[in-house]
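Enquirer: Dropping in query_0.pdb, which is PDB, N, CA and C atoms and all ligand atoms:
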```
MODEL        1
ATOM      1  N   MET P   1     186.542 -94.283  78.577
ATOM      2  CA  MET P   1     187.890 -93.733  78.339
ATOM      3  C   MET P   1     188.258 -93.838  76.868
ATOM      4  N   LYS P   2     187.989 -95.017  76.316
ATOM      5  CA  LYS P   2     188.298 -95.245  74.895
ATOM      6  C   LYS P   2     187.505 -94.283  74.012
ATOM      7  N   ILE P   3     186.197 -94.144  74.384
ATOM      8  CA  ILE P   3     185.324 -93.262  73.596
ATOM      9  C   ILE P   3     185.827 -91.821  73.636
ATOM     10  N   ALA P   4     186.261 -91.417  74.830
ATOM     11  CA  ALA P   4     186.780 -90.056  74.981
ATOM     12  C   ALA P   4     187.975 -89.828  74.066
ATOM     13  N   VAL P   5     188.814 -90.831  73.989
ATOM     14  CA  VAL P   5     190.010 -90.717  73.144
ATOM     15  C   VAL P   5     189.611 -90.601  71.671
ATOM     16  N   ILE P   6     188.635 -91.413  71.272
ATOM     17  CA  ILE P   6     188.172 -91.378  69.878
ATOM     18  C   ILE P   6     187.560 -90.013  69.559
ATOM     19  N   LEU P   7     186.717 -89.519  70.494
ATOM     20  CA  LEU P   7     186.083 -88.216  70.288
ATOM     21  C   LEU P   7     187.126 -87.108  70.180
ATOM     22  N   LEU P   8     188.110 -87.192  71.040
ATOM     23  CA  LEU P   8     189.187 -86.209  71.034
ATOM     24  C   LEU P   8     189.918 -86.260  69.690
ATOM     25  N   GLY P   9     190.154 -87.461  69.219
ATOM     26  CA  GLY P   9     190.799 -87.658  67.922
ATOM     27  C   GLY P   9     190.000 -87.033  66.799
ATOM     28  N   LEU P  10     188.680 -87.197  66.853
ATOM     29  CA  LEU P  10     187.800 -86.614  65.833
ATOM     30  C   LEU P  10     187.883 -85.095  65.842
ATOM     31  N   CYS P  11     187.840 -84.540  67.058
ATOM     32  CA  CYS P  11     187.919 -83.088  67.200
ATOM     33  C   CYS P  11     189.205 -82.571  66.584
ATOM     34  N   PHE P  12     190.284 -83.262  66.864
ATOM     35  CA  PHE P  12     191.577 -82.829  66.341
ATOM     36  C   PHE P  12     191.626 -82.902  64.825
ATOM     37  N   SER P  13     191.029 -83.963  64.261
ATOM     38  CA  SER P  13     191.080 -84.064  62.810
ATOM     39  C   SER P  13     190.229 -82.982  62.149
ATOM     40  N   PHE P  14     189.098 -82.621  62.780
ATOM     41  CA  PHE P  14     188.302 -81.524  62.236
ATOM     42  C   PHE P  14     189.054 -80.212  62.328
ATOM     43  N   ALA P  15     189.692 -80.006  63.468
ATOM     44  CA  ALA P  15     190.463 -78.777  63.665
ATOM     45  C   ALA P  15     191.581 -78.698  62.635
ATOM     46  N   ALA P  16     192.225 -79.843  62.383
ATOM     47  CA  ALA P  16     193.324 -79.875  61.424
ATOM     48  C   ALA P  16     192.844 -79.518  60.025
ATOM     49  N   LEU P  17     191.634 -79.960  59.698
ATOM     50  CA  LEU P  17     191.081 -79.663  58.376
ATOM     51  C   LEU P  17     190.871 -78.181  58.160
ATOM     52  N   ALA P  18     190.345 -77.538  59.216
ATOM     53  CA  ALA P  18     189.938 -76.147  59.058
ATOM     54  C   ALA P  18     191.073 -75.162  59.326
ATOM     55  N   LYS P  19     192.157 -75.667  59.872
ATOM     56  CA  LYS P  19     193.195 -74.778  60.368
ATOM     57  C   LYS P  19     193.916 -73.960  59.291
ATOM     58  N   LYS P  20     193.969 -72.673  59.535
ATOM     59  CA  LYS P  20     194.752 -71.781  58.683
ATOM     60  C   LYS P  20     195.905 -71.263  59.529
ATOM     61  N   ILE P  21     197.066 -71.277  58.960
ATOM     62  CA  ILE P  21     198.216 -70.790  59.701
ATOM     63  C   ILE P  21     198.732 -69.525  59.039
ATOM     64  N   GLU P  22     198.897 -68.510  59.869
ATOM     65  CA  GLU P  22     199.332 -67.212  59.379
ATOM     66  C   GLU P  22     200.686 -66.893  59.993
ATOM     67  N   VAL P  23     201.683 -66.724  59.146
ATOM     68  CA  VAL P  23     203.037 -66.496  59.646
ATOM     69  C   VAL P  23     203.520 -65.105  59.234
ATOM     70  N   ASP P  24     203.938 -64.333  60.217
ATOM     71  CA  ASP P  24     204.547 -63.036  59.921
ATOM     72  C   ASP P  24     206.026 -63.243  59.669
ATOM     73  N   VAL P  25     206.476 -62.750  58.518
ATOM     74  CA  VAL P  25     207.857 -62.979  58.112
ATOM     75  C   VAL P  25     208.597 -61.636  58.006
ATOM     76  N   LYS P  26     209.788 -61.626  58.573
ATOM     77  CA  LYS P  26     210.594 -60.411  58.531
ATOM     78  C   LYS P  26     211.614 -60.507  57.401
ATOM     79  N   GLY P  27     211.739 -59.447  56.642
ATOM     80  CA  GLY P  27     212.814 -59.351  55.669
ATOM     81  C   GLY P  27     212.462 -59.594  54.215
ATOM     82  N   MET P  28     211.194 -59.902  53.917
ATOM     83  CA  MET P  28     210.912 -60.110  52.482
ATOM     84  C   MET P  28     210.646 -58.792  51.767
ATOM     85  N   SER P  29     211.140 -58.738  50.522
ATOM     86  CA  SER P  29     211.041 -57.460  49.825
ATOM     87  C   SER P  29     210.676 -57.561  48.347
ATOM     88  N   CYS P  30     210.650 -58.770  47.795
ATOM     89  CA  CYS P  30     210.330 -58.865  46.371
ATOM     90  C   CYS P  30     209.765 -60.239  46.013
ATOM     91  N   GLY P  31     209.509 -60.431  44.750
ATOM     92  CA  GLY P  31     208.927 -61.678  44.264
ATOM     93  C   GLY P  31     209.812 -62.880  44.492
ATOM     94  N   MET P  32     211.130 -62.650  44.510
ATOM     95  CA  MET P  32     212.059 -63.757  44.778
ATOM     96  C   MET P  32     211.876 -64.282  46.194
ATOM     97  N   CYS P  33     211.663 -63.362  47.118
ATOM     98  CA  CYS P  33     211.415 -63.745  48.504
ATOM     99  C   CYS P  33     210.163 -64.601  48.579
ATOM    100  N   VAL P  34     209.123 -64.156  47.883
ATOM    101  CA  VAL P  34     207.854 -64.878  47.879
ATOM    102  C   VAL P  34     208.061 -66.300  47.367
ATOM    103  N   SER P  35     208.807 -66.455  46.263
ATOM    104  CA  SER P  35     208.973 -67.813  45.744
ATOM    105  C   SER P  35     209.888 -68.662  46.610
ATOM    106  N   ALA P  36     210.902 -68.050  47.226
ATOM    107  CA  ALA P  36     211.787 -68.814  48.119
ATOM    108  C   ALA P  36     211.010 -69.355  49.312
ATOM    109  N   ILE P  37     210.167 -68.515  49.891
ATOM    110  CA  ILE P  37     209.375 -68.927  51.059
ATOM    111  C   ILE P  37     208.356 -69.995  50.666
ATOM    112  N   THR P  38     207.693 -69.775  49.541
ATOM    113  CA  THR P  38     206.720 -70.750  49.052
ATOM    114  C   THR P  38     207.391 -72.105  48.825
ATOM    115  N   LYS P  39     208.571 -72.075  48.234
ATOM    116  CA  LYS P  39     209.313 -73.304  47.929
ATOM    117  C   LYS P  39     209.663 -74.079  49.204
ATOM    118  N   GLU P  40     210.178 -73.365  50.207
ATOM    119  CA  GLU P  40     210.584 -74.042  51.442
ATOM    120  C   GLU P  40     209.384 -74.567  52.228
ATOM    121  N   LEU P  41     208.286 -73.828  52.214
ATOM    122  CA  LEU P  41     207.092 -74.323  52.903
ATOM    123  C   LEU P  41     206.540 -75.552  52.190
ATOM    124  N   THR P  42     206.576 -75.529  50.864
ATOM    125  CA  THR P  42     206.141 -76.688  50.079
ATOM    126  C   THR P  42     207.006 -77.904  50.391
ATOM    127  N   ALA P  43     208.309 -77.667  50.550
ATOM    128  CA  ALA P  43     209.261 -78.747  50.802
ATOM    129  C   ALA P  43     209.008 -79.476  52.125
ATOM    130  N   THR P  44     208.325 -78.827  53.061
ATOM    131  CA  THR P  44     208.008 -79.503  54.331
ATOM    132  C   THR P  44     207.000 -80.636  54.104
ATOM    133  N   GLU P  45     206.272 -80.563  52.990
ATOM    134  CA  GLU P  45     205.204 -81.513  52.653
ATOM    135  C   GLU P  45     204.087 -81.511  53.696
ATOM    136  N   LYS P  46     204.035 -80.458  54.476
ATOM    137  CA  LYS P  46     202.987 -80.345  55.497
ATOM    138  C   LYS P  46     202.126 -79.108  55.283
ATOM    139  N   ALA P  47     202.494 -78.306  54.291
ATOM    140  CA  ALA P  47     201.759 -77.067  54.037
ATOM    141  C   ALA P  47     201.183 -77.090  52.630
ATOM    142  N   GLU P  48     199.935 -76.612  52.513
ATOM    143  CA  GLU P  48     199.337 -76.501  51.180
ATOM    144  C   GLU P  48     198.522 -75.218  51.105
ATOM    145  N   GLN P  49     198.056 -74.919  49.912
ATOM    146  CA  GLN P  49     197.332 -73.661  49.670
ATOM    147  C   GLN P  49     198.152 -72.479  50.195
ATOM    148  N   ILE P  50     199.412 -72.514  49.860
ATOM    149  CA  ILE P  50     200.336 -71.506  50.386
ATOM    150  C   ILE P  50     200.185 -70.193  49.624
ATOM    151  N   LYS P  51     199.945 -69.142  50.399
ATOM    152  CA  LYS P  51     199.877 -67.812  49.798
ATOM    153  C   LYS P  51     200.834 -66.910  50.558
ATOM    154  N   VAL P  52     201.826 -66.405  49.857
ATOM    155  CA  VAL P  52     202.760 -65.497  50.503
ATOM    156  C   VAL P  52     202.446 -64.098  50.006
ATOM    157  N   ASN P  53     202.132 -63.228  50.964
ATOM    158  CA  ASN P  53     201.731 -61.869  50.616
ATOM    159  C   ASN P  53     202.858 -60.888  50.942
ATOM    160  N   LEU P  54     203.374 -60.302  49.898
ATOM    161  CA  LEU P  54     204.512 -59.401  50.035
ATOM    162  C   LEU P  54     204.152 -58.110  50.766
ATOM    163  N   ASP P  55     202.960 -57.568  50.479
ATOM    164  CA  ASP P  55     202.548 -56.305  51.111
ATOM    165  C   ASP P  55     202.357 -56.466  52.614
ATOM    166  N   ASP P  56     201.724 -57.563  53.002
ATOM    167  CA  ASP P  56     201.471 -57.809  54.430
ATOM    168  C   ASP P  56     202.637 -58.503  55.116
ATOM    169  N   LYS P  57     203.599 -58.977  54.322
ATOM    170  CA  LYS P  57     204.734 -59.755  54.843
ATOM    171  C   LYS P  57     204.246 -60.975  55.631
ATOM    172  N   LYS P  58     203.312 -61.673  55.004
ATOM    173  CA  LYS P  58     202.719 -62.842  55.652
ATOM    174  C   LYS P  58     202.735 -64.048  54.729
ATOM    175  N   ALA P  59     202.896 -65.204  55.331
ATOM    176  CA  ALA P  59     202.708 -66.451  54.609
ATOM    177  C   ALA P  59     201.495 -67.138  55.225
ATOM    178  N   ILE P  60     200.486 -67.425  54.401
ATOM    179  CA  ILE P  60     199.265 -68.050  54.901
ATOM    180  C   ILE P  60     199.087 -69.389  54.202
ATOM    181  N   PHE P  61     198.844 -70.424  54.983
ATOM    182  CA  PHE P  61     198.684 -71.749  54.385
ATOM    183  C   PHE P  61     197.840 -72.658  55.284
ATOM    184  N   SER P  62     197.474 -73.793  54.736
ATOM    185  CA  SER P  62     196.764 -74.814  55.502
ATOM    186  C   SER P  62     197.687 -75.997  55.680
ATOM    187  N   GLU P  63     197.404 -76.779  56.709
ATOM    188  CA  GLU P  63     198.174 -78.006  56.873
ATOM    189  C   GLU P  63     197.657 -79.051  55.896
ATOM    190  N   VAL P  64     198.543 -79.852  55.380
ATOM    191  CA  VAL P  64     198.146 -80.982  54.553
ATOM    192  C   VAL P  64     197.331 -81.918  55.439
ATOM    193  N   LYS P  65     196.232 -82.427  54.884
ATOM    194  CA  LYS P  65     195.331 -83.290  55.648
ATOM    195  C   LYS P  65     196.099 -84.428  56.317
ATOM    196  N   GLY P  66     195.874 -84.580  57.622
ATOM    197  CA  GLY P  66     196.510 -85.658  58.355
ATOM    198  C   GLY P  66     197.917 -85.349  58.843
ATOM    199  N   LYS P  67     198.377 -84.132  58.544
ATOM    200  CA  LYS P  67     199.724 -83.771  58.988
ATOM    201  C   LYS P  67     199.681 -82.545  59.882
ATOM    202  N   THR P  68     200.656 -82.459  60.755
ATOM    203  CA  THR P  68     200.754 -81.329  61.659
ATOM    204  C   THR P  68     202.117 -80.696  61.489
ATOM    205  N   ILE P  69     202.118 -79.409  61.292
ATOM    206  CA  ILE P  69     203.402 -78.712  61.191
ATOM    207  C   ILE P  69     203.609 -77.908  62.475
ATOM    208  N   SER P  70     204.739 -78.109  63.114
ATOM    209  CA  SER P  70     204.997 -77.416  64.380
ATOM    210  C   SER P  70     205.561 -76.018  64.114
ATOM    211  N   ASP P  71     205.523 -75.192  65.157
ATOM    212  CA  ASP P  71     206.090 -73.846  65.039
ATOM    213  C   ASP P  71     207.552 -73.911  64.633
ATOM    214  N   SER P  72     208.288 -74.868  65.224
ATOM    215  CA  SER P  72     209.719 -74.931  64.910
ATOM    216  C   SER P  72     209.965 -75.403  63.472
ATOM    217  N   GLU P  73     209.067 -76.236  62.955
ATOM    218  CA  GLU P  73     209.195 -76.635  61.544
ATOM    219  C   GLU P  73     208.937 -75.443  60.613
ATOM    220  N   ILE P  74     207.966 -74.636  60.998
ATOM    221  CA  ILE P  74     207.668 -73.441  60.199
ATOM    222  C   ILE P  74     208.869 -72.499  60.228
ATOM    223  N   LYS P  75     209.387 -72.289  61.450
ATOM    224  CA  LYS P  75     210.528 -71.377  61.601
ATOM    225  C   LYS P  75     211.737 -71.854  60.819
ATOM    226  N   SER P  76     212.003 -73.151  60.851
ATOM    227  CA  SER P  76     213.191 -73.629  60.150
ATOM    228  C   SER P  76     213.012 -73.563  58.627
ATOM    229  N   ALA P  77     211.782 -73.767  58.143
ATOM    230  CA  ALA P  77     211.537 -73.633  56.699
ATOM    231  C   ALA P  77     211.758 -72.193  56.246
ATOM    232  N   ILE P  78     211.247 -71.250  57.033
ATOM    233  CA  ILE P  78     211.391 -69.832  56.685
ATOM    234  C   ILE P  78     212.862 -69.414  56.778
ATOM    235  N   LYS P  79     213.543 -69.949  57.781
ATOM    236  CA  LYS P  79     214.955 -69.643  57.967
ATOM    237  C   LYS P  79     215.791 -70.176  56.798
ATOM    238  N   LYS P  80     215.433 -71.373  56.353
ATOM    239  CA  LYS P  80     216.095 -71.986  55.197
ATOM    240  C   LYS P  80     215.981 -71.090  53.963
ATOM    241  N   ALA P  81     214.820 -70.442  53.839
ATOM    242  CA  ALA P  81     214.600 -69.537  52.712
ATOM    243  C   ALA P  81     215.394 -68.239  52.893
ATOM    244  N   GLY P  82     215.841 -67.994  54.132
ATOM    245  CA  GLY P  82     216.648 -66.802  54.407
ATOM    246  C   GLY P  82     215.916 -65.705  55.155
ATOM    247  N   TYR P  83     214.788 -66.054  55.783
ATOM    248  CA  TYR P  83     213.995 -65.038  56.469
ATOM    249  C   TYR P  83     213.693 -65.457  57.900
ATOM    250  N   GLU P  84     213.102 -64.515  58.623
ATOM    251  CA  GLU P  84     212.852 -64.757  60.037
ATOM    252  C   GLU P  84     211.357 -64.684  60.344
ATOM    253  N   VAL P  85     210.905 -65.603  61.176
ATOM    254  CA  VAL P  85     209.506 -65.610  61.607
ATOM    255  C   VAL P  85     209.371 -64.679  62.803
ATOM    256  N   VAL P  86     208.414 -63.747  62.724
ATOM    257  CA  VAL P  86     208.190 -62.879  63.876
ATOM    258  C   VAL P  86     206.871 -63.182  64.591
ATOM    259  N   GLY P  87     206.065 -64.045  63.999
ATOM    260  CA  GLY P  87     204.818 -64.427  64.667
ATOM    261  C   GLY P  87     204.108 -65.536  63.928
ATOM    262  N   ILE P  88     203.437 -66.399  64.678
ATOM    263  CA  ILE P  88     202.650 -67.468  64.073
ATOM    264  C   ILE P  88     201.268 -67.468  64.713
ATOM    265  N   LYS P  89     200.253 -67.398  63.859
ATOM    266  CA  LYS P  89     198.867 -67.457  64.350
ATOM    267  C   LYS P  89     198.187 -68.655  63.726
ATOM    268  N   ARG P  90     197.505 -69.430  64.544
ATOM    269  CA  ARG P  90     196.737 -70.554  64.025
ATOM    270  C   ARG P  90     195.273 -70.257  64.214
ATOM    271  N   LYS P  91     194.511 -70.310  63.115
ATOM    272  CA  LYS P  91     193.092 -69.963  63.205
ATOM    273  C   LYS P  91     192.207 -71.159  62.923
TER     274      LYS P  91
HETATM  275 CU    CU I   1     213.235 -60.646  47.530
ENDMDL
END
```
What do you get writing this file as structure tokens?
Ligand SMILES: [Cu+2]
Expert:
Amino acid sequence: MKIAVILLGLCFSFAALAKKIEVDVKGMSCGMCVSAITKELTATEKAEQIKVNLDDKKAIFSEVKGKTISDSEIKSAIKKAGYEVVGIKRK
């Protein structure tokens, strides 16, 4: 039982390392939007390698090692910036 828990923990940490999160954002239209979203995602201290793409209206980032960002944390960060999340994909 203990071993299973440890193995499960290992799997999760590997998954966390490789995980890319892709967020579809509604309402962005210029460079200011991009920096506002980047700023709020950075402020969560759970997102890194943040790339906000204006053409695709997407924010793509990785989780900071050892941290997990929930869908609701992502939504509230984007909302704080003044935008709305229309989809979240974790790869
Ligand atoms: Cu803008």
Enquirer: Which residues are near ligand CU 1 (chain I) - at most 9 Å, using only C-alpha atoms and all ligand atoms? Format: as a tab-separated table (two decimals) with N, CA and C atoms, in the coordinates of the input.
Expert:
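Writing the result to out.tsv gives the following:
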```
chain	number	residue	atom	x	y	z
P	27	GLY	N	211.74	-59.45	56.64
P	27	GLY	CA	212.81	-59.35	55.67
P	27	GLY	C	212.46	-59.59	54.22
P	28	MET	N	211.19	-59.90	53.92
P	28	MET	CA	210.91	-60.11	52.48
P	28	MET	C	210.65	-58.79	51.77
P	29	SER	N	211.14	-58.74	50.52
P	29	SER	CA	211.04	-57.46	49.82
P	29	SER	C	210.68	-57.56	48.35
P	30	CYS	N	210.65	-58.77	47.80
P	30	CYS	CA	210.33	-58.86	46.37
P	30	CYS	C	209.76	-60.24	46.01
P	31	GLY	N	209.51	-60.43	44.75
P	31	GLY	CA	208.93	-61.68	44.26
P	31	GLY	C	209.81	-62.88	44.49
P	32	MET	N	211.13	-62.65	44.51
P	32	MET	CA	212.06	-63.76	44.78
P	32	MET	C	211.88	-64.28	46.19
P	33	CYS	N	211.66	-63.36	47.12
P	33	CYS	CA	211.42	-63.74	48.50
P	33	CYS	C	210.16	-64.60	48.58
P	34	VAL	N	209.12	-64.16	47.88
P	34	VAL	CA	207.85	-64.88	47.88
P	34	VAL	C	208.06	-66.30	47.37
P	35	SER	N	208.81	-66.46	46.26
P	35	SER	CA	208.97	-67.81	45.74
P	35	SER	C	209.89	-68.66	46.61
P	36	ALA	N	210.90	-68.05	47.23
P	36	ALA	CA	211.79	-68.81	48.12
P	36	ALA	C	211.01	-69.36	49.31
```
Enquirer: Got a sec: who's within 8 Å of Lys80 in chain P, counting all atoms listed in the file, leaving out chain neighbours fewer than 5 positions off, as a PyMOL selection string?
Expert: chain P and resi 36-37+40+74-75
Enquirer: Let me know the residues the PyMOL selection byres (((chain P and resi 64) around 6) and not hetatm) catches in the file above, as a PyMOL selection string.
Expert: chain P and resi 46-48+62-63+65-67
Enquirer: Could you pull out the alpha helix (DSSP H) residues of chain P from DSSP and send them as JSON, numbers by chain?
Expert: {"P": [2, 3, 4, 5, 6, 7, 8, 9, 10, 11, 12, 13, 14, 15, 16, 17, 18, 31, 32, 33, 34, 35, 36, 37, 38, 39, 40, 41, 42, 43, 71, 72, 73, 74, 75, 76, 77, 78, 79, 80, 81]}
Enquirer: Between P:Asp55, P:Thr68, P:Thr44, P:Ile60, which one has atoms that come closest to Gly87 in chain P, using only C-alpha atoms?
Expert: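 The closest residue to Gly87 in chain P is P:Ile60.
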Enquirer: Looking at only C-alpha atoms, which of P:Lys39, P:Lys51, P:Lys89, P:Lys79 is the one that sits closest to Val23 in chain P?
Expert: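 Of P:Lys39, P:Lys51, P:Lys89, P:Lys79, the one nearest Val23 in chain P is P:Lys89, counting only C-alpha atoms.
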Enquirer: Nearest to Ala43 in chain P among P:Ile21, P:Ala77, P:Ile69, P:Val86, with distances taken over only C-alpha atoms: which residue is it?
Expert: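 Checking each of P:Ile21, P:Ala77, P:Ile69, P:Val86 against Ala43 in chain P, counting only C-alpha atoms, the winner is P:Ala77.
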Enquirer: Using backbone DSSP assignments, extract all strand (DSSP E or B) residues from chain P; output them as a PyMOL selection string.
Expert: chain P and resi 20-26+47-53+58-63+84-90
Enquirer: I need the residue nearest Phe61 in chain P from this list: P:Val85, P:Glu73, P:Lys20, P:Lys91. Use all atoms listed in the file for the distance.
Expert: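 Answer, going by the shortest atom-to-atom distance: P:Lys20.
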Enquirer: Please determine, counting only C-alpha atoms, which residue among P:Thr38, P:Glu45, P:Glu22, P:Asn53 has the shortest atom-to-atom distance to Asp71 in chain P.
Expert: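 The closest residue to Asp71 in chain P is P:Glu22.
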Enquirer: Calculated over only N, CA and C atoms, which of the candidates P:Val52, P:Lys19, P:Ser70, P:Lys26 has the smallest distance to Tyr83 in chain P?
Expert: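 Nearest to Tyr83 in chain P: P:Lys26.
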Enquirer: Between CA of Ser72 in chain P and atom N of Leu54 in chain P, measure the distance and give it in Å to one decimal.
Expert: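 Spanning CA of Ser72 in chain P to atom N of Leu54 in chain P is a straight-line distance of 21.9 Å.
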Enquirer: Rounded to one decimal, what separation in Å do you get between atom N of Asp24 in chain P and atom N of Ile88 in chain P?
Expert: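 Rounded to one decimal, the two atoms are 4.9 Å apart.
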